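Enquirer: The file below is data_5.pdb, PDB, C-alpha atoms and all ligand atoms:
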```pdb
ATOM      1  CA  MET A   1      77.291  10.485 -47.042
ATOM      2  CA  LEU A   2      73.824  11.625 -46.022
ATOM      3  CA  ASP A   3      74.938  11.574 -42.361
ATOM      4  CA  THR A   4      77.962  13.724 -43.177
ATOM      5  CA  ASN A   5      75.837  16.239 -45.056
ATOM      6  CA  LEU A   6      73.370  16.385 -42.186
ATOM      7  CA  ALA A   7      76.192  16.920 -39.707
ATOM      8  CA  ILE A   8      77.659  19.750 -41.812
ATOM      9  CA  ALA A   9      74.217  21.348 -42.160
ATOM     10  CA  GLY A  10      73.740  21.090 -38.398
ATOM     11  CA  VAL A  11      77.082  22.760 -37.688
ATOM     12  CA  LEU A  12      76.378  25.558 -40.191
ATOM     13  CA  LEU A  13      72.939  26.105 -38.681
ATOM     14  CA  ALA A  14      74.415  26.256 -35.178
ATOM     15  CA  ILE A  15      77.009  28.823 -36.348
ATOM     16  CA  ALA A  16      74.287  30.913 -38.029
ATOM     17  CA  VAL A  17      72.128  30.826 -34.884
ATOM     18  CA  ALA A  18      75.104  31.777 -32.677
ATOM     19  CA  LEU A  19      76.022  34.676 -34.995
ATOM     20  CA  ALA A  20      72.433  35.904 -35.135
ATOM     21  CA  TYR A  21      72.235  35.716 -31.347
ATOM     22  CA  PHE A  22      75.523  37.609 -30.964
ATOM     23  CA  VAL A  23      74.403  40.456 -33.217
ATOM     24  CA  PHE A  24      70.658  40.664 -32.571
ATOM     25  CA  ALA A  25      69.914  39.423 -29.018
ATOM     26  CA  SER A  26      70.674  42.763 -27.364
ATOM     27  CA  PHE A  27      68.218  44.603 -29.648
ATOM     28  CA  ALA A  28      65.672  44.030 -26.923
ATOM     29  CA  PHE A  29      67.831  45.918 -24.420
ATOM     30  CA  GLY A  30      68.619  49.076 -26.365
ATOM     31  CA  ALA A  31      71.107  48.455 -29.177
ATOM     32  CA  GLY A  32      72.528  45.764 -31.388
ATOM     33  CA  TYR A  33      76.219  45.097 -31.775
ATOM     34  CA  GLN A  34      78.374  47.357 -33.890
ATOM     35  CA  PRO A  35      81.848  48.360 -32.719
ATOM     36  CA  THR A  36      82.394  52.100 -32.551
ATOM     37  CA  PRO A  37      84.683  53.024 -35.507
ATOM     38  CA  ARG A  38      88.228  53.980 -34.479
ATOM     39  CA  ALA A  39      87.873  57.567 -35.792
ATOM     40  CA  ALA A  40      84.708  58.045 -33.718
ATOM     41  CA  VAL A  41      86.410  56.604 -30.619
ATOM     42  CA  GLU A  42      89.233  59.134 -31.076
ATOM     43  CA  THR A  43      86.786  62.032 -31.390
ATOM     44  CA  MET A  44      84.816  60.844 -28.348
ATOM     45  CA  LEU A  45      87.873  60.591 -26.096
ATOM     46  CA  ARG A  46      89.327  63.873 -27.394
ATOM     47  CA  PHE A  47      85.993  65.707 -26.924
ATOM     48  CA  ALA A  48      85.821  64.321 -23.369
ATOM     49  CA  GLU A  49      89.375  65.559 -22.676
ATOM     50  CA  LEU A  50      89.945  62.199 -21.080
ATOM     51  CA  GLY A  51      92.862  61.829 -18.660
ATOM     52  CA  PRO A  52      94.227  59.594 -15.873
ATOM     53  CA  GLN A  53      92.097  61.388 -13.306
ATOM     54  CA  ASP A  54      88.865  60.384 -15.088
ATOM     55  CA  ARG A  55      86.467  57.538 -14.455
ATOM     56  CA  LEU A  56      84.822  56.629 -17.753
ATOM     57  CA  PHE A  57      81.654  54.533 -17.983
ATOM     58  CA  ASP A  58      81.090  52.920 -21.408
ATOM     59  CA  LEU A  59      77.408  52.056 -21.676
ATOM     60  CA  GLY A  60      77.094  48.926 -23.777
ATOM     61  CA  ALA A  61      80.797  48.094 -23.979
ATOM     62  CA  GLY A  62      80.513  45.647 -26.896
ATOM     63  CA  THR A  63      83.900  44.020 -27.382
ATOM     64  CA  GLY A  64      85.790  47.004 -25.966
ATOM     65  CA  ALA A  65      86.593  49.478 -28.762
ATOM     66  CA  ILE A  66      86.303  52.337 -26.253
ATOM     67  CA  VAL A  67      87.146  50.557 -22.989
ATOM     68  CA  PHE A  68      90.653  49.381 -23.841
ATOM     69  CA  ARG A  69      91.719  52.490 -25.739
ATOM     70  CA  ALA A  70      90.582  54.732 -22.875
ATOM     71  CA  ALA A  71      92.647  52.723 -20.374
ATOM     72  CA  ARG A  72      95.697  52.097 -22.580
ATOM     73  CA  ILE A  73      96.174  55.445 -24.313
ATOM     74  CA  TYR A  74      94.541  57.856 -21.851
ATOM     75  CA  ARG A  75      95.211  55.884 -18.627
ATOM     76  CA  ALA A  76      91.650  56.530 -17.428
ATOM     77  CA  ARG A  77      89.892  54.222 -14.995
ATOM     78  CA  VAL A  78      87.175  52.548 -17.031
ATOM     79  CA  VAL A  79      83.952  50.732 -16.244
ATOM     80  CA  GLY A  80      82.447  48.842 -19.176
ATOM     81  CA  VAL A  81      78.915  47.511 -18.743
ATOM     82  CA  GLU A  82      77.548  45.008 -21.238
ATOM     83  CA  VAL A  83      74.348  42.969 -21.240
ATOM     84  CA  GLU A  84      75.232  40.259 -23.776
ATOM     85  CA  PRO A  85      77.179  37.396 -22.132
ATOM     86  CA  ILE A  86      79.394  36.372 -25.065
ATOM     87  CA  ARG A  87      80.630  39.946 -25.385
ATOM     88  CA  VAL A  88      81.192  40.032 -21.618
ATOM     89  CA  LEU A  89      83.409  36.941 -21.968
ATOM     90  CA  VAL A  90      85.388  38.614 -24.764
ATOM     91  CA  LEU A  91      85.771  41.774 -22.662
ATOM     92  CA  ARG A  92      86.956  39.812 -19.615
ATOM     93  CA  LEU A  93      89.420  37.828 -21.719
ATOM     94  CA  ARG A  94      90.824  40.995 -23.287
ATOM     95  CA  ARG A  95      91.082  42.569 -19.858
ATOM     96  CA  ARG A  96      92.918  39.562 -18.455
ATOM     97  CA  LEU A  97      95.371  39.297 -21.376
ATOM     98  CA  GLY A  98      96.057  43.006 -21.900
ATOM     99  CA  PRO A  99      97.826  45.738 -19.944
ATOM    100  CA  PHE A 100      96.247  48.076 -17.370
ATOM    101  CA  SER A 101      93.770  45.466 -16.152
ATOM    102  CA  ASP A 102      93.799  47.193 -12.750
ATOM    103  CA  ARG A 103      92.229  50.256 -14.394
ATOM    104  CA  ILE A 104      89.398  48.328 -16.074
ATOM    105  CA  THR A 105      86.190  46.935 -14.567
ATOM    106  CA  ILE A 106      83.823  44.844 -16.681
ATOM    107  CA  LEU A 107      80.249  44.498 -15.446
ATOM    108  CA  TRP A 108      77.696  42.054 -16.817
ATOM    109  CA  GLY A 109      74.235  43.563 -16.672
ATOM    110  CA  SER A 110      71.998  46.352 -17.861
ATOM    111  CA  LEU A 111      73.376  49.866 -18.099
ATOM    112  CA  PHE A 112      70.051  51.108 -16.749
ATOM    113  CA  ARG A 113      70.933  49.555 -13.377
ATOM    114  CA  LEU A 114      74.292  51.305 -13.126
ATOM    115  CA  ASP A 115      74.764  54.281 -10.793
ATOM    116  CA  PHE A 116      76.379  57.123 -12.772
ATOM    117  CA  ARG A 117      77.355  59.278  -9.781
ATOM    118  CA  GLU A 118      81.007  58.125  -9.941
ATOM    119  CA  ALA A 119      81.393  58.819 -13.667
ATOM    120  CA  THR A 120      83.307  61.848 -14.899
ATOM    121  CA  VAL A 121      82.896  60.713 -18.517
ATOM    122  CA  VAL A 122      80.067  58.658 -20.040
ATOM    123  CA  THR A 123      80.350  57.183 -23.535
ATOM    124  CA  ALA A 124      77.498  55.641 -25.510
ATOM    125  CA  PHE A 125      76.702  54.236 -28.942
ATOM    126  CA  LEU A 126      73.093  53.201 -28.410
ATOM    127  CA  TRP A 127      69.829  53.505 -30.265
ATOM    128  CA  PRO A 128      67.633  56.640 -29.986
ATOM    129  CA  GLY A 129      65.093  54.858 -27.737
ATOM    130  CA  ALA A 130      67.815  53.873 -25.289
ATOM    131  CA  MET A 131      69.239  57.424 -25.311
ATOM    132  CA  ALA A 132      65.776  58.791 -24.491
ATOM    133  CA  ARG A 133      65.408  56.293 -21.651
ATOM    134  CA  LEU A 134      68.871  57.200 -20.424
ATOM    135  CA  ARG A 135      68.260  60.924 -20.267
ATOM    136  CA  PRO A 136      66.302  61.176 -16.965
ATOM    137  CA  LYS A 137      68.762  58.800 -15.319
ATOM    138  CA  LEU A 138      71.715  60.919 -16.441
ATOM    139  CA  GLU A 139      69.950  64.061 -15.223
ATOM    140  CA  ALA A 140      69.349  62.503 -11.811
ATOM    141  CA  GLU A 141      72.806  61.026 -11.304
ATOM    142  CA  LEU A 142      75.503  62.915 -13.235
ATOM    143  CA  SER A 143      77.937  64.960 -11.181
ATOM    144  CA  ASP A 144      78.724  68.545 -12.145
ATOM    145  CA  GLY A 145      81.596  68.645 -14.620
ATOM    146  CA  ALA A 146      80.802  65.253 -16.144
ATOM    147  CA  ARG A 147      81.003  64.916 -19.919
ATOM    148  CA  VAL A 148      78.740  62.684 -22.001
ATOM    149  CA  VAL A 149      79.843  61.703 -25.513
ATOM    150  CA  SER A 150      77.542  59.851 -27.870
ATOM    151  CA  HIS A 151      78.254  58.359 -31.281
ATOM    152  CA  CYS A 152      75.503  58.630 -33.903
ATOM    153  CA  HIS A 153      72.566  59.560 -31.682
ATOM    154  CA  GLU A 154      71.964  62.780 -29.792
ATOM    155  CA  ILE A 155      70.273  63.196 -26.441
ATOM    156  CA  VAL A 156      67.093  64.854 -27.602
ATOM    157  CA  GLY A 157      66.344  67.990 -25.577
ATOM    158  CA  TRP A 158      69.901  68.540 -24.345
ATOM    159  CA  ASN A 159      72.220  71.297 -25.582
ATOM    160  CA  SER A 160      75.379  69.894 -27.110
ATOM    161  CA  ALA A 161      78.713  71.631 -26.494
ATOM    162  CA  ALA A 162      80.149  70.268 -29.742
ATOM    163  CA  TYR A 163      79.278  68.038 -32.679
ATOM    164  CA  ASP A 164      81.620  66.483 -35.217
ATOM    165  CA  PRO A 165      79.661  65.693 -38.413
ATOM    166  CA  GLU A 166      82.498  63.603 -39.829
ATOM    167  CA  THR A 167      82.509  61.026 -37.028
ATOM    168  CA  LYS A 168      78.958  61.796 -35.812
ATOM    169  CA  VAL A 169      79.978  62.462 -32.225
ATOM    170  CA  TYR A 170      78.021  64.664 -29.808
ATOM    171  CA  LEU A 171      79.598  66.182 -26.689
ATOM    172  CA  TYR A 172      77.521  67.268 -23.696
ATOM    173  CA  ARG A 173      78.811  68.935 -20.534
ATOM    174  CA  TRP A 174      76.762  68.547 -17.404
ATOM    175  CA  PRO A 175      74.973  70.678 -16.166
ATOM    176  CA  ASP A 176      75.387  73.080 -19.140
ATOM    177  CA  ALA A 177      73.595  70.560 -21.376
ATOM    178  CA  ARG A 178      70.404  71.001 -19.366
ATOM    179  CA  PRO A 179      67.688  72.614 -21.518
ATOM    180  CA  SER A 180      67.286  76.341 -20.862
ATOM    181  CA  GLY A 181      64.588  76.906 -18.318
ATOM    182  CA  GLY A 182      66.788  75.230 -15.736
ATOM    183  CA  ALA A 183      65.134  72.272 -14.136
ATOM    184  CA  ALA A 184      66.097  68.808 -15.215
ATOM    185  CA  SER A 185      63.152  66.739 -16.318
TER     186      SER A 185
HETATM  187  C1  LIG A 201      76.542  49.667 -30.899
HETATM  188  S1  LIG A 201      77.294  48.609 -29.684
HETATM  189  C2  LIG A 201      78.519  49.684 -28.994
HETATM  190  C3  LIG A 201      79.758  48.925 -28.601
HETATM  191  C4  LIG A 201      80.851  49.637 -27.825
HETATM  192  N1  LIG A 201      80.440  50.770 -27.035
HETATM  193  C5  LIG A 201      82.039  49.955 -28.669
HETATM  194  O1  LIG A 201      82.697  50.896 -28.335
HETATM  195  O2  LIG A 201      82.353  49.305 -29.631
HETATM  196  C6  LIG A 201      76.036  48.633 -28.391
HETATM  197  C7  LIG A 201      76.267  47.621 -27.298
HETATM  198  O3  LIG A 201      75.355  47.896 -26.244
HETATM  199  C8  LIG A 201      74.948  46.670 -25.665
HETATM  200  N2  LIG A 201      73.696  46.917 -24.944
HETATM  201  C9  LIG A 201      72.464  47.137 -25.469
HETATM  202  N3  LIG A 201      71.576  47.371 -24.499
HETATM  203  C10 LIG A 201      72.252  47.287 -23.319
HETATM  204  C11 LIG A 201      71.865  47.415 -21.957
HETATM  205  N4  LIG A 201      70.611  47.710 -21.609
HETATM  206  N5  LIG A 201      72.824  47.285 -21.007
HETATM  207  C12 LIG A 201      74.110  47.001 -21.343
HETATM  208  N6  LIG A 201      74.533  46.856 -22.630
HETATM  209  C13 LIG A 201      73.610  47.004 -23.604
HETATM  210  C14 LIG A 201      74.831  45.731 -26.848
HETATM  211  O4  LIG A 201      74.886  44.388 -26.452
HETATM  212  C15 LIG A 201      76.021  46.173 -27.701
HETATM  213  O5  LIG A 201      77.154  45.406 -27.424
END
```
Since I need it in another form, could you write the structure as structure tokens?
Expert:
Amino acid sequence: MLDTNLAIAGVLLAIAVALAYFVFASFAFGAGYQPTPRAAVETMLRFAELGPQDRLFDLGAGTGAIVFRAARIYRARVVGVEVEPIRVLVLRLRRRLGPFSDRITILWGSLFRLDFREATVVTAFLWPGAMARLRPKLEAELSDGARVVSHCHEIVGWNSAAYDPETKVYLYRWPDARPSGGAAS
């Protein structure tokens, strides 16, 4: 009986550790795990005027709330980058089992190592510190005409083209988002 109880306790502890890892491990990299709510995803993709001609980069793809909708409904080519390996496995499984897999690329690694030059649309739901770290990289690499949409957190110092208070989505158009005074920092 004692052995059984110990075994159950061990399994429960392992599940708790795995769950804590899944949710909290990526805190160190720039954001924990929280899927973007469907209403916010809709606002983000509508603000970005996403279409089949676009190449969308989702920075911190989670389990794919943005990635798969962008490919399935809007037919965009999508790159999802995610640092946490369990979520990468989920993303790759969803990609393999779902439609439009040829339009979706899943990368395992840090978004800060990605080259944004190819992106016409960038989506993010990251913490303020990560957004601040992202800003100079976006300014150095974004192509003219690119749109950046962020859920919850603004890019401090940039001029937003639109904001939806209901879903907390910011839209930025590059290079119009550049602070007045011209030069990117
Ligand atoms: C709030 S979730 C957003 C999830 C996703 N964009 C969605 O639509 O549901 C943030 C995600 O960013 C990931 N992340 C945090 N820092 C990262 C980094 N430096 N590089 C790649 N992914 C990162 C986390 O693991 C987490 O899955």
Enquirer: When the cut-off is 10 Å and you count only C-alpha atoms and all ligand atoms, which residues lie near ligand LIG 201 (chain A), shown as a PDB file with C-alpha atoms, in the frame of the given file?
Expert:
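Result file follows (out-v1.pdb):
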```pdb
ATOM      1  CA  PHE A  22      75.523  37.609 -30.964  1.00  0.00           C
ATOM      2  CA  VAL A  23      74.403  40.456 -33.217  1.00  0.00           C
ATOM      3  CA  PHE A  24      70.658  40.664 -32.571  1.00  0.00           C
ATOM      4  CA  ALA A  25      69.914  39.423 -29.018  1.00  0.00           C
ATOM      5  CA  SER A  26      70.674  42.763 -27.364  1.00  0.00           C
ATOM      6  CA  PHE A  27      68.218  44.603 -29.648  1.00  0.00           C
ATOM      7  CA  ALA A  28      65.672  44.030 -26.923  1.00  0.00           C
ATOM      8  CA  PHE A  29      67.831  45.918 -24.420  1.00  0.00           C
ATOM      9  CA  GLY A  30      68.619  49.076 -26.365  1.00  0.00           C
ATOM     10  CA  ALA A  31      71.107  48.455 -29.177  1.00  0.00           C
ATOM     11  CA  GLY A  32      72.528  45.764 -31.388  1.00  0.00           C
ATOM     12  CA  TYR A  33      76.219  45.097 -31.775  1.00  0.00           C
ATOM     13  CA  GLN A  34      78.374  47.357 -33.890  1.00  0.00           C
ATOM     14  CA  PRO A  35      81.848  48.360 -32.719  1.00  0.00           C
ATOM     15  CA  THR A  36      82.394  52.100 -32.551  1.00  0.00           C
ATOM     16  CA  PRO A  37      84.683  53.024 -35.507  1.00  0.00           C
ATOM     17  CA  ARG A  38      88.228  53.980 -34.479  1.00  0.00           C
ATOM     18  CA  ALA A  40      84.708  58.045 -33.718  1.00  0.00           C
ATOM     19  CA  VAL A  41      86.410  56.604 -30.619  1.00  0.00           C
ATOM     20  CA  PHE A  57      81.654  54.533 -17.983  1.00  0.00           C
ATOM     21  CA  ASP A  58      81.090  52.920 -21.408  1.00  0.00           C
ATOM     22  CA  LEU A  59      77.408  52.056 -21.676  1.00  0.00           C
ATOM     23  CA  GLY A  60      77.094  48.926 -23.777  1.00  0.00           C
ATOM     24  CA  ALA A  61      80.797  48.094 -23.979  1.00  0.00           C
ATOM     25  CA  GLY A  62      80.513  45.647 -26.896  1.00  0.00           C
ATOM     26  CA  THR A  63      83.900  44.020 -27.382  1.00  0.00           C
ATOM     27  CA  GLY A  64      85.790  47.004 -25.966  1.00  0.00           C
ATOM     28  CA  ALA A  65      86.593  49.478 -28.762  1.00  0.00           C
ATOM     29  CA  ILE A  66      86.303  52.337 -26.253  1.00  0.00           C
ATOM     30  CA  VAL A  67      87.146  50.557 -22.989  1.00  0.00           C
ATOM     31  CA  PHE A  68      90.653  49.381 -23.841  1.00  0.00           C
ATOM     32  CA  ARG A  69      91.719  52.490 -25.739  1.00  0.00           C
ATOM     33  CA  GLY A  80      82.447  48.842 -19.176  1.00  0.00           C
ATOM     34  CA  VAL A  81      78.915  47.511 -18.743  1.00  0.00           C
ATOM     35  CA  GLU A  82      77.548  45.008 -21.238  1.00  0.00           C
ATOM     36  CA  VAL A  83      74.348  42.969 -21.240  1.00  0.00           C
ATOM     37  CA  GLU A  84      75.232  40.259 -23.776  1.00  0.00           C
ATOM     38  CA  PRO A  85      77.179  37.396 -22.132  1.00  0.00           C
ATOM     39  CA  ILE A  86      79.394  36.372 -25.065  1.00  0.00           C
ATOM     40  CA  ARG A  87      80.630  39.946 -25.385  1.00  0.00           C
ATOM     41  CA  VAL A  88      81.192  40.032 -21.618  1.00  0.00           C
ATOM     42  CA  LEU A 107      80.249  44.498 -15.446  1.00  0.00           C
ATOM     43  CA  TRP A 108      77.696  42.054 -16.817  1.00  0.00           C
ATOM     44  CA  GLY A 109      74.235  43.563 -16.672  1.00  0.00           C
ATOM     45  CA  SER A 110      71.998  46.352 -17.861  1.00  0.00           C
ATOM     46  CA  LEU A 111      73.376  49.866 -18.099  1.00  0.00           C
ATOM     47  CA  PHE A 112      70.051  51.108 -16.749  1.00  0.00           C
ATOM     48  CA  ARG A 113      70.933  49.555 -13.377  1.00  0.00           C
ATOM     49  CA  LEU A 114      74.292  51.305 -13.126  1.00  0.00           C
ATOM     50  CA  THR A 123      80.350  57.183 -23.535  1.00  0.00           C
ATOM     51  CA  ALA A 124      77.498  55.641 -25.510  1.00  0.00           C
ATOM     52  CA  PHE A 125      76.702  54.236 -28.942  1.00  0.00           C
ATOM     53  CA  LEU A 126      73.093  53.201 -28.410  1.00  0.00           C
ATOM     54  CA  TRP A 127      69.829  53.505 -30.265  1.00  0.00           C
ATOM     55  CA  ALA A 130      67.815  53.873 -25.289  1.00  0.00           C
ATOM     56  CA  LEU A 134      68.871  57.200 -20.424  1.00  0.00           C
ATOM     57  CA  SER A 150      77.542  59.851 -27.870  1.00  0.00           C
ATOM     58  CA  HIS A 151      78.254  58.359 -31.281  1.00  0.00           C
ATOM     59  CA  CYS A 152      75.503  58.630 -33.903  1.00  0.00           C
TER      60      CYS A 152
END
```
Enquirer: Between CA of Phe100 (chain A) and CA of Arg55 (chain A), what is the distance, to one decimal in Å?
Expert: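 Separation between CA of Phe100 (chain A) and CA of Arg55 (chain A): 13.9 Å.
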Enquirer: What does the distance between CA of Glu49 (chain A) and CA of Met131 (chain A) come to in Å, to one decimal place?
Expert: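 Distance between the two atoms: 21.9 Å.
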Enquirer: List as a count of residues only the protein and nucleic acid residues near Trp158 (chain A), meaning an atom at most 6 Å away when only C-alpha atoms are counted, but skip any in the same chain fewer than 3 places from it.
Expert: 4
Enquirer: Excluding Leu138 (chain A) and residues on its chain fewer than 6 positions from it, collect all residues at most 10 Å away from it, counting only C-alpha atoms, and give them as a tab-separated table (two decimals) with C-alpha atoms, in the coordinates of the input.
Expert:
```tsv
chain	number	residue	atom	x	y	z
A	112	PHE	CA	70.05	51.11	-16.75
A	115	ASP	CA	74.76	54.28	-10.79
A	116	PHE	CA	76.38	57.12	-12.77
A	117	ARG	CA	77.36	59.28	-9.78
A	122	VAL	CA	80.07	58.66	-20.04
A	131	MET	CA	69.24	57.42	-25.31
A	148	VAL	CA	78.74	62.68	-22.00
A	174	TRP	CA	76.76	68.55	-17.40
A	184	ALA	CA	66.10	68.81	-15.22
```
Enquirer: When the PyMOL selection byres (((chain A and resi 71-74) around 10) and not hetatm) is applied to the structure above, which residues does it catch, written out as a ChimeraX atom specification?
Expert: /A:45-46,49-56,66-70,75-79,98-104
Enquirer: Would you compute the distance between CA of Arg173 (chain A) and CA of Ile106 (chain A)? Give it in Å to one decimal.
Expert: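 Answer for the CA of Arg173 (chain A) to CA of Ile106 (chain A) separation: 24.9 Å.
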Enquirer: Kindly extract all protein, DNA and RNA residues lying within 7 Å of the coordinates (74.7, 70.4, -25.5) given in the file, considering all atoms listed in the file, and supply them as number ranges by chain.
Expert: A: 158-162, 171-173, 176-177
Enquirer: Taking into account only C-alpha atoms, which residue in the set A:Glu154, A:Glu141, A:Asp3, A:Glu42 is nearest to Thr167 (chain A)?
Expert: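 When distances to Thr167 (chain A) are compared using only C-alpha atoms, the smallest one comes from A:Glu42.
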Enquirer: When distances are computed from all atoms listed in the file, which of A:Ala48, A:Ala132, A:Leu13, A:Val169 shows the smallest separation from Gly157 (chain A)?
Expert: A:Ala132
Enquirer: Is it possible to add N, CA and C atoms to region 151-172 of chain A and hand it back as a short mmCIF file (atom, residue, chain, number, x, y, z; two decimals), in the coordinates of the input?
Expert:
```
data_model
loop_
_atom_site.label_atom_id
_atom_site.label_comp_id
_atom_site.auth_asym_id
_atom_site.auth_seq_id
_atom_site.Cartn_x
_atom_site.Cartn_y
_atom_site.Cartn_z
N HIS A 151 78.01 58.56 -29.85
CA HIS A 151 78.25 58.36 -31.28
C HIS A 151 76.91 58.11 -31.97
N CYS A 152 76.67 58.81 -33.03
CA CYS A 152 75.50 58.63 -33.90
C CYS A 152 74.22 59.28 -33.40
N HIS A 153 73.87 59.09 -32.13
CA HIS A 153 72.57 59.56 -31.68
C HIS A 153 72.70 60.61 -30.59
N GLU A 154 71.93 61.70 -30.77
CA GLU A 154 71.96 62.78 -29.79
C GLU A 154 71.07 62.46 -28.60
N ILE A 155 71.22 63.27 -27.56
CA ILE A 155 70.27 63.20 -26.44
C ILE A 155 69.26 64.29 -26.71
N VAL A 156 68.10 63.88 -27.17
CA VAL A 156 67.09 64.85 -27.60
C VAL A 156 66.69 65.72 -26.41
N GLY A 157 66.73 67.06 -26.63
CA GLY A 157 66.34 67.99 -25.58
C GLY A 157 67.54 68.57 -24.84
N TRP A 158 68.70 67.99 -24.98
CA TRP A 158 69.90 68.54 -24.34
C TRP A 158 70.63 69.47 -25.32
N ASN A 159 71.41 70.40 -24.76
CA ASN A 159 72.22 71.30 -25.58
C ASN A 159 73.63 70.72 -25.71
N SER A 160 74.03 70.45 -26.94
CA SER A 160 75.38 69.89 -27.11
C SER A 160 76.42 71.01 -27.07
N ALA A 161 77.60 70.68 -26.55
CA ALA A 161 78.71 71.63 -26.49
C ALA A 161 79.51 71.56 -27.79
N ALA A 162 79.44 70.43 -28.47
CA ALA A 162 80.15 70.27 -29.74
C ALA A 162 79.54 69.10 -30.50
N TYR A 163 79.70 69.15 -31.83
CA TYR A 163 79.28 68.04 -32.68
C TYR A 163 80.26 67.92 -33.83
N ASP A 164 80.73 66.72 -34.07
CA ASP A 164 81.62 66.48 -35.22
C ASP A 164 80.85 65.70 -36.28
N PRO A 165 80.48 66.38 -37.39
CA PRO A 165 79.66 65.69 -38.41
C PRO A 165 80.41 64.56 -39.10
N GLU A 166 81.73 64.65 -39.13
CA GLU A 166 82.50 63.60 -39.83
C GLU A 166 82.39 62.26 -39.11
N THR A 167 82.55 62.29 -37.78
CA THR A 167 82.51 61.03 -37.03
C THR A 167 81.18 60.86 -36.28
N LYS A 168 80.29 61.84 -36.43
CA LYS A 168 78.96 61.80 -35.81
C LYS A 168 79.07 61.62 -34.29
N VAL A 169 79.80 62.52 -33.68
CA VAL A 169 79.98 62.46 -32.22
C VAL A 169 79.43 63.75 -31.60
N TYR A 170 78.59 63.55 -30.57
CA TYR A 170 78.02 64.66 -29.81
C TYR A 170 78.72 64.74 -28.45
N LEU A 171 79.04 65.97 -28.03
CA LEU A 171 79.60 66.18 -26.69
C LEU A 171 78.60 66.99 -25.86
N TYR A 172 78.36 66.54 -24.64
CA TYR A 172 77.52 67.27 -23.70
C TYR A 172 78.31 67.47 -22.41
#
```
